[in-house]
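Q: One file is attached below, entry.tsv, containing TSV, C-alpha atoms and all ligand atoms.
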```tsv
chain	number	residue	atom	x	y	z
A	322	MET	CA	-17.99	13.62	0.76
A	323	ALA	CA	-14.44	14.45	-0.19
A	324	SER	CA	-15.65	17.46	-2.14
A	325	ASP	CA	-17.06	19.06	1.04
A	326	LEU	CA	-13.51	19.50	2.26
A	327	MET	CA	-12.56	21.62	-0.73
A	328	ASP	CA	-12.36	25.36	-0.66
A	329	PRO	CA	-15.45	26.52	-2.59
A	330	ALA	CA	-13.34	29.23	-4.28
A	331	SER	CA	-11.09	26.56	-5.77
A	332	PRO	CA	-12.66	24.15	-8.22
A	333	LYS	CA	-9.57	21.93	-8.24
A	334	LYS	CA	-8.56	19.33	-5.68
A	335	ARG	CA	-5.30	20.55	-4.21
A	336	ILE	CA	-2.81	17.78	-3.64
A	337	ALA	CA	0.31	17.12	-1.61
A	338	VAL	CA	2.42	14.17	-2.76
A	339	LEU	CA	4.77	12.59	-0.23
A	340	GLY	CA	7.34	10.42	-1.96
A	341	SER	CA	6.92	12.26	-5.26
A	342	THR	CA	10.04	10.87	-6.97
A	343	GLY	CA	9.25	7.19	-6.40
A	344	SER	CA	7.17	4.88	-8.57
A	345	ILE	CA	3.75	5.84	-7.16
A	346	GLY	CA	4.81	9.49	-6.83
A	347	THR	CA	5.80	9.90	-10.48
A	348	GLN	CA	2.67	8.06	-11.64
A	349	THR	CA	0.57	10.36	-9.44
A	350	LEU	CA	2.18	13.36	-11.12
A	351	ASP	CA	1.31	11.84	-14.48
A	352	VAL	CA	-2.35	11.61	-13.42
A	353	VAL	CA	-2.24	15.27	-12.31
A	354	ARG	CA	-0.64	16.24	-15.64
A	355	ARG	CA	-3.51	14.56	-17.53
A	356	HIS	CA	-6.20	16.18	-15.39
A	357	ALA	CA	-4.70	19.60	-14.79
A	358	ASP	CA	-8.18	21.12	-15.07
A	359	ARG	CA	-9.33	19.24	-11.96
A	360	LEU	CA	-6.18	18.59	-9.93
A	361	GLU	CA	-3.49	20.94	-8.69
A	362	LEU	CA	-0.21	20.04	-7.01
A	363	VAL	CA	0.53	22.31	-4.08
A	364	ALA	CA	3.16	20.43	-2.08
A	365	LEU	CA	5.84	17.82	-2.80
A	366	ALA	CA	8.17	15.79	-0.63
A	367	ALA	CA	10.88	13.29	-1.53
A	368	GLY	CA	13.70	11.56	0.32
A	369	THR	CA	16.94	11.86	-1.57
A	370	ARG	CA	16.33	12.58	-5.27
A	371	VAL	CA	16.50	16.32	-4.76
A	372	GLU	CA	17.17	17.23	-8.39
A	373	VAL	CA	14.14	15.30	-9.62
A	374	LEU	CA	12.09	16.94	-6.87
A	375	ALA	CA	13.25	20.41	-7.93
A	376	HIS	CA	12.38	19.61	-11.53
A	377	GLN	CA	8.87	18.48	-10.48
A	378	ALA	CA	8.36	21.62	-8.39
A	379	ARG	CA	9.31	23.81	-11.38
A	380	GLU	CA	7.09	21.91	-13.82
A	381	PHE	CA	4.00	22.16	-11.61
A	382	GLY	CA	4.77	25.53	-10.02
A	383	VAL	CA	4.77	24.03	-6.52
A	384	ARG	CA	5.87	26.37	-3.74
A	385	HIS	CA	5.92	23.97	-0.79
A	386	VAL	CA	8.67	21.36	-0.98
A	387	ALA	CA	10.39	19.17	1.61
A	388	THR	CA	13.29	16.73	1.34
A	389	GLY	CA	14.41	13.89	3.60
A	390	ALA	CA	17.06	16.23	5.00
A	391	ASP	CA	14.30	18.48	6.39
A	392	GLY	CA	13.18	15.68	8.75
A	393	PRO	CA	9.76	14.20	9.58
A	394	GLU	CA	8.47	17.50	11.02
A	395	ALA	CA	8.69	19.06	7.55
A	396	LEU	CA	6.32	16.38	6.21
A	397	CYS	CA	3.85	17.09	9.00
A	398	SER	CA	3.96	20.83	8.20
A	399	LEU	CA	3.24	20.07	4.53
A	400	VAL	CA	0.15	17.97	5.22
A	401	GLN	CA	-1.18	20.60	7.61
A	402	LEU	CA	-1.00	23.43	5.03
A	403	PRO	CA	-4.45	25.04	4.74
A	404	GLU	CA	-4.30	24.86	0.91
A	405	VAL	CA	-3.93	21.05	0.90
A	406	ASP	CA	-7.16	19.06	0.37
A	407	VAL	CA	-5.73	15.61	-0.38
A	408	VAL	CA	-2.46	13.99	0.73
A	409	VAL	CA	-1.07	11.19	-1.43
A	410	ASN	CA	1.17	9.25	0.94
A	411	ALA	CA	3.57	7.29	-1.25
A	412	LEU	CA	6.39	7.07	1.29
A	413	VAL	CA	8.07	3.70	1.74
A	414	GLY	CA	7.78	1.75	4.98
A	415	ALA	CA	6.76	2.55	8.53
A	416	ALA	CA	8.32	5.99	8.05
A	417	GLY	CA	5.01	6.95	6.43
A	418	LEU	CA	2.88	6.37	9.54
A	419	LYS	CA	3.32	9.77	11.16
A	420	ALA	CA	2.35	11.67	8.01
A	421	SER	CA	-0.77	9.50	7.62
A	422	HIS	CA	-1.73	10.19	11.22
A	423	GLU	CA	-1.19	13.95	10.85
A	424	THR	CA	-3.20	14.00	7.59
A	425	LEU	CA	-6.27	12.41	9.16
A	426	LYS	CA	-5.91	14.49	12.34
A	427	ALA	CA	-5.86	17.63	10.18
A	428	GLY	CA	-9.15	16.54	8.56
A	429	LYS	CA	-7.60	16.09	5.09
A	430	VAL	CA	-8.32	13.28	2.65
A	431	LEU	CA	-5.64	10.59	2.81
A	432	ALA	CA	-4.96	8.78	-0.48
A	433	LEU	CA	-2.83	6.01	0.93
A	434	ALA	CA	-0.21	4.10	-1.02
A	435	ASN	CA	1.91	3.60	2.10
A	436	LYS	CA	0.30	0.35	3.30
A	437	GLU	CA	2.77	0.07	6.20
A	438	SER	CA	0.90	3.00	7.83
A	439	LEU	CA	-2.11	0.73	8.29
A	440	VAL	CA	-0.11	-2.43	9.03
A	441	VAL	CA	1.72	-0.69	11.87
A	442	GLY	CA	-0.78	1.91	13.02
A	443	GLY	CA	-4.19	0.79	11.77
A	444	ASP	CA	-5.51	0.80	15.35
A	445	LEU	CA	-4.65	4.52	15.61
A	446	LEU	CA	-5.57	5.60	12.07
A	447	MET	CA	-8.95	3.97	11.54
A	448	PRO	CA	-10.77	5.78	14.38
A	449	LEU	CA	-9.73	9.06	12.68
A	450	ALA	CA	-10.86	7.97	9.19
A	451	SER	CA	-14.17	7.72	7.39
A	452	HIS	CA	-15.24	6.11	4.13
A	453	ASP	CA	-14.59	9.37	2.27
A	454	THR	CA	-11.39	10.48	3.96
A	455	LEU	CA	-9.23	7.38	3.57
A	456	LEU	CA	-8.91	6.11	0.00
A	457	PRO	CA	-6.50	3.26	-0.67
A	458	ILE	CA	-3.98	3.49	-3.52
A	459	ASP	CA	-3.25	-0.20	-3.65
A	460	SER	CA	-4.72	-2.05	-6.62
A	461	GLU	CA	-6.31	-4.74	-4.42
A	462	HIS	CA	-7.79	-2.37	-1.87
A	463	GLY	CA	-8.93	0.10	-4.50
A	464	ALA	CA	-10.69	-2.87	-6.12
A	465	LEU	CA	-12.30	-3.99	-2.85
A	466	TYR	CA	-13.34	-0.41	-2.11
A	467	GLN	CA	-15.10	-0.18	-5.48
A	468	CYS	CA	-16.76	-3.61	-5.14
A	469	LEU	CA	-18.12	-2.50	-1.75
A	470	LEU	CA	-19.60	0.80	-2.98
A	471	GLY	CA	-23.34	0.79	-2.42
A	472	GLU	CA	-23.25	-2.52	-0.56
A	473	ASP	CA	-24.32	-3.33	2.99
A	474	ARG	CA	-21.19	-4.45	4.84
A	475	ASN	CA	-23.29	-6.91	6.88
A	476	GLU	CA	-24.01	-8.80	3.68
A	477	VAL	CA	-20.34	-9.36	2.84
A	478	SER	CA	-19.14	-12.87	3.56
A	479	ARG	CA	-15.52	-12.75	2.35
A	480	LEU	CA	-12.91	-10.53	0.76
A	481	TRP	CA	-10.72	-12.24	-1.85
A	482	VAL	CA	-7.38	-10.48	-2.16
A	483	THR	CA	-5.67	-11.49	-5.38
A	484	ALA	CA	-1.91	-12.03	-5.71
A	485	SER	CA	0.21	-12.40	-8.84
A	486	GLY	CA	2.33	-14.96	-6.98
A	487	GLY	CA	5.46	-12.95	-7.74
A	488	PRO	CA	8.41	-13.90	-9.97
A	489	PHE	CA	9.11	-17.16	-8.09
A	490	ARG	CA	5.62	-18.66	-8.19
A	491	GLY	CA	5.76	-22.44	-8.50
A	492	LYS	CA	9.33	-22.73	-7.22
A	493	GLY	CA	10.20	-24.78	-4.13
A	494	ILE	CA	12.41	-23.64	-1.25
A	495	SER	CA	15.54	-25.28	-2.67
A	496	LYS	CA	15.26	-23.09	-5.79
A	497	LEU	CA	14.99	-19.90	-3.73
A	498	ARG	CA	18.26	-20.22	-1.84
A	499	ASP	CA	20.40	-18.46	-4.45
A	500	ILE	CA	17.96	-15.79	-5.55
A	501	LYS	CA	19.68	-12.47	-6.29
A	502	PRO	CA	18.14	-9.00	-5.85
A	503	GLU	CA	17.84	-8.51	-9.62
A	504	ASP	CA	15.74	-11.72	-9.86
A	505	ALA	CA	13.41	-10.49	-7.12
A	506	LEU	CA	13.04	-7.07	-8.77
A	507	ALA	CA	11.70	-8.58	-12.02
A	508	HIS	CA	8.00	-8.58	-11.18
A	509	PRO	CA	5.87	-10.40	-13.77
A	510	THR	CA	2.90	-8.02	-14.02
A	511	TRP	CA	3.32	-4.77	-12.06
A	512	ASN	CA	5.93	-2.03	-12.41
A	513	MET	CA	6.84	-1.00	-8.86
A	514	GLY	CA	9.55	0.32	-6.53
A	515	LYS	CA	12.32	-1.89	-5.11
A	516	LYS	CA	11.01	-2.52	-1.61
A	517	ILE	CA	7.54	-3.55	-2.76
A	518	SER	CA	8.99	-5.67	-5.57
A	519	VAL	CA	11.01	-7.71	-3.06
A	520	ASP	CA	7.93	-7.90	-0.79
A	521	SER	CA	5.96	-9.22	-3.77
A	522	SER	CA	8.58	-11.88	-4.46
A	523	THR	CA	8.45	-13.14	-0.82
A	524	LEU	CA	4.61	-12.72	-0.67
A	525	MET	CA	5.16	-10.44	2.34
A	526	ASN	CA	3.41	-7.79	0.26
A	527	LYS	CA	0.26	-9.94	0.25
A	528	GLY	CA	0.57	-10.50	3.99
A	529	LEU	CA	0.82	-6.73	4.54
A	530	GLU	CA	-2.20	-6.30	2.27
A	531	VAL	CA	-4.26	-8.77	4.33
A	532	ILE	CA	-3.57	-6.64	7.42
A	533	GLU	CA	-4.32	-3.51	5.41
A	534	ALA	CA	-7.68	-4.99	4.31
A	535	HIS	CA	-8.50	-6.01	7.88
A	536	HIS	CA	-8.17	-2.40	9.04
A	537	LEU	CA	-9.63	-0.63	6.00
A	538	PHE	CA	-12.76	-2.76	5.75
A	539	ALA	CA	-13.12	-3.81	9.44
A	540	MET	CA	-13.05	-7.46	8.38
A	541	ASP	CA	-12.08	-10.49	10.53
A	542	TYR	CA	-8.99	-12.33	9.35
A	543	ASP	CA	-11.05	-15.52	8.92
A	544	ARG	CA	-12.99	-13.74	6.19
A	545	ILE	CA	-10.01	-12.41	4.21
A	546	LYS	CA	-8.77	-14.94	1.65
A	547	VAL	CA	-5.71	-14.75	-0.58
A	548	VAL	CA	-5.86	-16.31	-4.04
A	549	VAL	CA	-3.14	-16.31	-6.67
A	550	GLN	CA	-4.36	-14.87	-9.99
A	551	PRO	CA	-1.20	-14.89	-12.11
A	552	GLN	CA	-2.40	-12.53	-14.86
A	553	SER	CA	-3.22	-9.78	-12.30
A	554	ALA	CA	-6.29	-8.95	-14.37
A	555	ILE	CA	-8.62	-9.41	-11.39
A	556	HIS	CA	-7.51	-6.91	-8.78
A	557	SER	CA	-9.64	-8.38	-5.97
A	558	MET	CA	-13.14	-9.70	-5.29
A	559	VAL	CA	-15.92	-9.40	-2.73
A	560	GLU	CA	-18.14	-12.37	-1.96
A	561	PHE	CA	-21.60	-11.78	-0.52
A	562	LYS	CA	-23.87	-13.88	1.72
A	563	ASP	CA	-25.99	-15.00	-1.24
A	564	GLY	CA	-22.95	-16.43	-3.03
A	565	SER	CA	-22.66	-13.55	-5.50
A	566	VAL	CA	-19.11	-12.39	-6.17
A	567	LYS	CA	-18.14	-8.96	-7.48
A	568	ALA	CA	-14.71	-8.71	-9.07
A	569	HIS	CA	-12.77	-5.65	-10.16
A	570	LEU	CA	-10.86	-6.08	-13.41
A	571	GLY	CA	-8.75	-3.71	-15.39
A	572	THR	CA	-5.43	-3.03	-17.04
A	573	THR	CA	-2.49	-3.55	-14.67
A	574	ASP	CA	-1.39	0.05	-14.40
A	575	MET	CA	-1.15	1.78	-11.03
A	576	ARG	CA	-2.32	5.07	-12.53
A	577	ILE	CA	-5.85	3.63	-12.58
A	578	PRO	CA	-6.14	3.10	-8.78
A	579	ILE	CA	-4.21	6.35	-8.20
A	580	GLN	CA	-6.64	8.24	-10.41
A	581	PHE	CA	-9.68	6.64	-8.77
A	582	ALA	CA	-8.48	7.80	-5.34
A	583	LEU	CA	-8.15	11.34	-6.72
A	584	SER	CA	-11.30	11.44	-8.84
A	585	TYR	CA	-13.65	9.78	-6.31
A	586	PRO	CA	-16.64	10.10	-6.19
A	587	GLN	CA	-16.33	10.71	-9.96
A	588	ARG	CA	-14.71	8.59	-12.67
A	589	TRP	CA	-12.49	10.24	-15.26
A	590	GLU	CA	-11.01	9.11	-18.56
A	591	ALA	CA	-8.47	6.30	-18.26
A	592	PRO	CA	-4.75	7.01	-18.64
A	593	VAL	CA	-4.24	3.68	-20.46
A	594	PRO	CA	-6.11	1.51	-22.99
A	595	PRO	CA	-8.85	-0.60	-21.38
A	596	LEU	CA	-8.56	-4.36	-20.93
A	597	ASP	CA	-9.37	-6.20	-24.16
A	598	PHE	CA	-11.26	-9.32	-23.12
A	599	SER	CA	-11.12	-10.76	-26.62
A	600	THR	CA	-7.32	-11.06	-26.35
A	601	LEU	CA	-7.01	-11.60	-22.59
A	602	GLY	CA	-7.00	-15.40	-22.87
A	603	SER	CA	-7.57	-17.44	-19.72
A	604	LEU	CA	-7.65	-16.42	-16.09
A	605	GLY	CA	-5.92	-18.77	-13.66
A	606	PHE	CA	-6.45	-19.21	-9.95
A	607	GLU	CA	-4.50	-21.16	-7.34
A	608	ALA	CA	-3.92	-21.24	-3.59
A	609	PRO	CA	-0.83	-19.39	-2.36
A	610	ASP	CA	2.12	-21.56	-1.23
A	611	ARG	CA	2.52	-20.48	2.40
A	612	HIS	CA	5.04	-23.26	3.07
A	613	THR	CA	7.57	-21.91	0.56
A	614	PHE	CA	6.65	-18.23	0.93
A	615	ARG	CA	6.59	-18.10	4.71
A	616	CYS	CA	6.37	-14.31	4.91
A	617	LEU	CA	2.69	-14.51	3.96
A	618	ALA	CA	1.91	-16.86	6.85
A	619	LEU	CA	4.05	-14.82	9.26
A	620	ALA	CA	2.30	-11.57	8.38
A	621	GLU	CA	-1.13	-13.18	8.71
A	622	GLU	CA	-0.10	-14.55	12.11
A	623	ALA	CA	1.09	-11.08	13.19
A	624	GLY	CA	-2.18	-9.56	11.99
A	625	ARG	CA	-4.30	-12.06	13.88
A	626	ALA	CA	-2.28	-11.53	17.06
A	627	GLY	CA	-2.61	-7.76	16.60
A	628	GLY	CA	-1.34	-5.15	19.05
A	629	THR	CA	2.27	-4.15	18.41
A	630	LEU	CA	3.24	-7.45	16.75
A	631	PRO	CA	2.56	-6.24	13.17
A	632	CYS	CA	4.79	-3.22	13.92
A	633	ALA	CA	7.69	-5.46	15.02
A	634	MET	CA	7.09	-7.85	12.12
A	635	ASN	CA	7.09	-4.99	9.60
A	636	ALA	CA	10.26	-3.40	11.01
A	637	ALA	CA	12.10	-6.74	10.80
A	638	ASN	CA	10.97	-7.14	7.21
A	639	GLU	CA	12.13	-3.65	6.25
A	640	VAL	CA	15.59	-4.31	7.70
A	641	ALA	CA	15.86	-7.74	6.09
A	642	VAL	CA	14.71	-6.48	2.67
A	643	ALA	CA	17.26	-3.64	2.79
A	644	ALA	CA	19.97	-6.15	3.73
A	645	PHE	CA	18.92	-8.47	0.90
A	646	LEU	CA	18.99	-5.59	-1.62
A	647	ALA	CA	22.46	-4.63	-0.35
A	648	GLY	CA	23.68	-8.20	-0.87
A	649	GLU	CA	24.12	-8.68	2.87
A	650	CYS	CA	21.72	-11.58	3.39
A	651	GLY	CA	20.08	-14.34	1.40
A	652	PHE	CA	16.52	-14.40	0.12
A	653	LEU	CA	15.36	-17.04	2.62
A	654	GLN	CA	16.86	-15.10	5.53
A	655	ILE	CA	14.17	-12.46	5.09
A	656	ALA	CA	11.50	-14.83	6.45
A	657	SER	CA	13.74	-16.30	9.18
A	658	CYS	CA	14.66	-12.81	10.39
A	659	VAL	CA	10.99	-11.77	10.51
A	660	GLU	CA	10.06	-14.95	12.37
A	661	ALA	CA	12.82	-14.57	14.98
A	662	VAL	CA	11.94	-10.93	15.66
A	663	MET	CA	8.26	-11.86	16.02
A	664	GLU	CA	9.17	-14.63	18.49
A	665	GLY	CA	11.24	-12.21	20.56
A	666	HIS	CA	8.58	-9.50	20.66
A	667	VAL	CA	6.42	-9.00	23.73
A	668	LYS	CA	3.11	-7.78	22.34
A	669	GLU	CA	1.37	-4.73	23.80
A	670	ARG	CA	-1.87	-2.95	23.01
A	671	VAL	CA	-1.32	-0.09	20.52
A	672	GLU	CA	-1.58	3.24	22.33
A	673	SER	CA	0.43	5.93	20.57
A	674	ILE	CA	2.67	6.83	17.65
A	675	GLU	CA	5.58	7.24	20.10
A	676	GLN	CA	5.06	3.70	21.43
A	677	LEU	CA	5.01	2.32	17.87
A	678	GLU	CA	8.18	4.24	17.00
A	679	ALA	CA	9.90	2.67	20.03
A	680	VAL	CA	8.71	-0.85	19.09
A	681	ASP	CA	9.84	-0.24	15.51
A	682	ALA	CA	13.31	0.90	16.63
A	683	GLN	CA	13.76	-2.06	18.97
A	684	ALA	CA	12.65	-4.57	16.33
A	685	ARG	CA	15.07	-3.01	13.81
A	686	MET	CA	17.95	-3.40	16.30
A	687	HIS	CA	17.01	-7.02	16.87
A	688	ALA	CA	16.78	-7.70	13.14
A	689	ARG	CA	20.19	-6.09	12.46
A	690	ARG	CA	21.77	-8.21	15.20
A	691	LEU	CA	20.28	-11.35	13.68
A	692	LEU	CA	21.57	-10.43	10.23
A	693	GLY	CA	25.03	-9.72	11.63
A	694	GLY	CA	24.88	-5.97	10.93
A	701	MG	MG	-1.13	-4.24	-4.02
```
Can you present the structure in this file as structure tokens?

A:
Amino acid sequence: MASDLMDPASPKKRIAVLGSTGSIGTQTLDVVRRHADRLELVALAAGTRVEVLAHQAREFGVRHVATGADGPEALCSLVQLPEVDVVVNALVGAAGLKASHETLKAGKVLALANKESLVVGGDLLMPLASHDTLLPIDSEHGALYQCLLGEDRNEVSRLWVTASGGPFRGKGISKLRDIKPEDALAHPTWNMGKKISVDSSTLMNKGLEVIEAHHLFAMDYDRIKVVVQPQSAIHSMVEFKDGSVKAHLGTTDMRIPIQFALSYPQRWEAPVPPLDFSTLGSLGFEAPDRHTFRCLALAEEAGRAGGTLPCAMNAANEVAVAAFLAGECGFLQIASCVEAVMEGHVKERVESIEQLEAVDAQARMHARRLLGG
């Protein structure tokens, strides 16, 4: 149990938040603020928003702080601090992998919002993790985790990962050509950071989540289904052998899955009003459009192939999304860049963090060349 890892002298869970000034980071701090009797912040790290970070450190009386300028080693030192029980990894992109690896190696609980850690390094992370030491902070995976509590994994037939469909659901390819970053950042149901908002608009986010689910729940790709649920009221579902389906529903607010990862195995009072079924209206379902939103199909293909291909695929996506946000490439070029980098990659078995860092760097160079950078 997570509680066994806590210092018996300290009744509070002591938390390090990596990426504390981003969307998940600030919402995590809000959860800590609301449950200050049970949670204590002991370490914070952020990339560039140093003033916000300093303000957070003052508010919560945090003594251990690292910024992007301190380098990746500083993050590793933070997660290894003896007073840290739980690490919330809310870094963006493959840059979060090393901290996830160090957290699990140090025997700490990893509350993981950085899904790229699992996409890129799931083969290295999962052997270090157990049911109680790796808790997903992703609404879909938090939902699946809860639906699986108390269940025999051998009786699960399929995982249904729900998708909102993003802001361009229902549009054909011809309508996507002139999409601007501000269009892609206007997500219909969730309030999120820039990178994940663009990933949601291309459906790459759902592709990354399929790979994440494969690793977290040791599930074959054939048994992980994606379904569009535009209201985002159902956060995911588990189907069992006997045809029964368990769904997780709730208000679309990331503080709920964040809080669950921090309160587990308990449940605490919600930070937001509960879902009101009498006013919810209808729930829609449809198949995702993999022809228009090719990133979903590409990510699933990378996941099935396995090895270092998801690492190369993810690196290409990160470069292309950054270029799109900077106005340096078009929306549809994100998928073509990812596809070309995947085609050029010679897959290997995953063996080490260093190997993955080298694959990541090479794929980024390839992607930048393709995008003319
Ligand atoms: Mg998600």

Q: Check which residues fall inside 9 Å of ligand MG 701 (chain A) when counting all atoms listed in the file, and print them as a list in words.

A: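 My answer, listing the contacting residues, is Ala434, Lys436, Ile458, Asp459, Ser460, Glu461, His462, Gly463, Thr483, Ala484, Ile517, Ser521, Asn526, Lys527, Glu530 and His556 of chain A.
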
Q: Extract, using all atoms listed in the file, all DNA, RNA and protein residues at most 7 Å from Ile545 of chain A, discarding same-chain residues fewer than 2 positions from it, and format them as a ChimeraX atom specification.

A: /A:479-481,531,541-543,547

Q: Rounded to one decimal, what separation in Å do you get between atom CA of Ala661 of chain A and atom CA of Arg490 of chain A?

A: 24.6 Å

Q: Within 12 Å of segment 402-421 of chain A, which residues of segment 577-637 of chain A come that close, and what is the closest atom pair and distance in Å for each? Count only C-alpha atoms and give it as CSV.

A:
```
residue,atom,partner,partner_atom,distance
A:Ile579,CA,A:Val409,CA,8.9
A:Gln580,CA,A:Val409,CA,11.0
A:Ala582,CA,A:Val409,CA,9.0
A:Leu583,CA,A:Val407,CA,8.0
A:Ser584,CA,A:Val407,CA,11.0
A:Tyr585,CA,A:Val407,CA,11.5
A:Pro631,CA,A:Ala415,CA,10.8
A:Cys632,CA,A:Ala415,CA,8.1
A:Ala633,CA,A:Ala415,CA,10.4
A:Met634,CA,A:Ala415,CA,11.0
A:Asn635,CA,A:Ala415,CA,7.6
A:Ala636,CA,A:Ala415,CA,7.3
A:Ala637,CA,A:Ala415,CA,11.0
```

Q: Can you work out the spacing between atom CA of Gly491 of chain A and atom CA of Gln550 of chain A in Å, to one decimal?

A: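 The value is 12.7 Å.
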
Q: Write out as number ranges by chain which residues come within 12 Å of Ala644 of chain A when counting only C-alpha atoms, dropping same-chain ones fewer than 4 positions away.

A: A: 501-502, 516, 519, 637-640, 648-655, 658, 685, 688-694

Q: Between A:Ser451, A:Ser518, A:Gln348, A:Ser485, which has the minimum distance to Ala539 of chain A (counting only C-alpha atoms)?

A: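 Of A:Ser451, A:Ser518, A:Gln348, A:Ser485, the one nearest Ala539 of chain A, counting only C-alpha atoms, is A:Ser451.
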
Q: Between A:Thr573, A:Ser344, A:Gln552, A:Thr510, which one has atoms that come closest to Leu604 of chain A, using only C-alpha atoms?

A: A:Gln552

Q: Give me the residues near Asp391 of chain A as a VMD selection string, where near means some atom within 10 Å (using all atoms listed in the file) and where sequence neighbours in that chain fewer than 4 positions away do not count.

A: chain A and resid 366 368 386 to 387 395 to 396

Q: Looking at only C-alpha atoms, which of A:Ser603, A:Pro578, A:Ala684, A:Pro509 is the one that sits closest to Ala591 of chain A?

A: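 Under the stated criterion, the closest residue is A:Pro578.
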
Q: For segment 664-682 of chain A, take all atoms listed in the file, fit an axis-aligned box around them, add 6 Å to each of the six sides, then output centre and edge lengths in Å rounded to one decimal, as lines of an AutoDock Vina configuration file.

A:
```
center_x = 5.7
center_y = -3.7
center_z = 19.7
size_x = 27.2
size_y = 33.9
size_z = 20.3
```
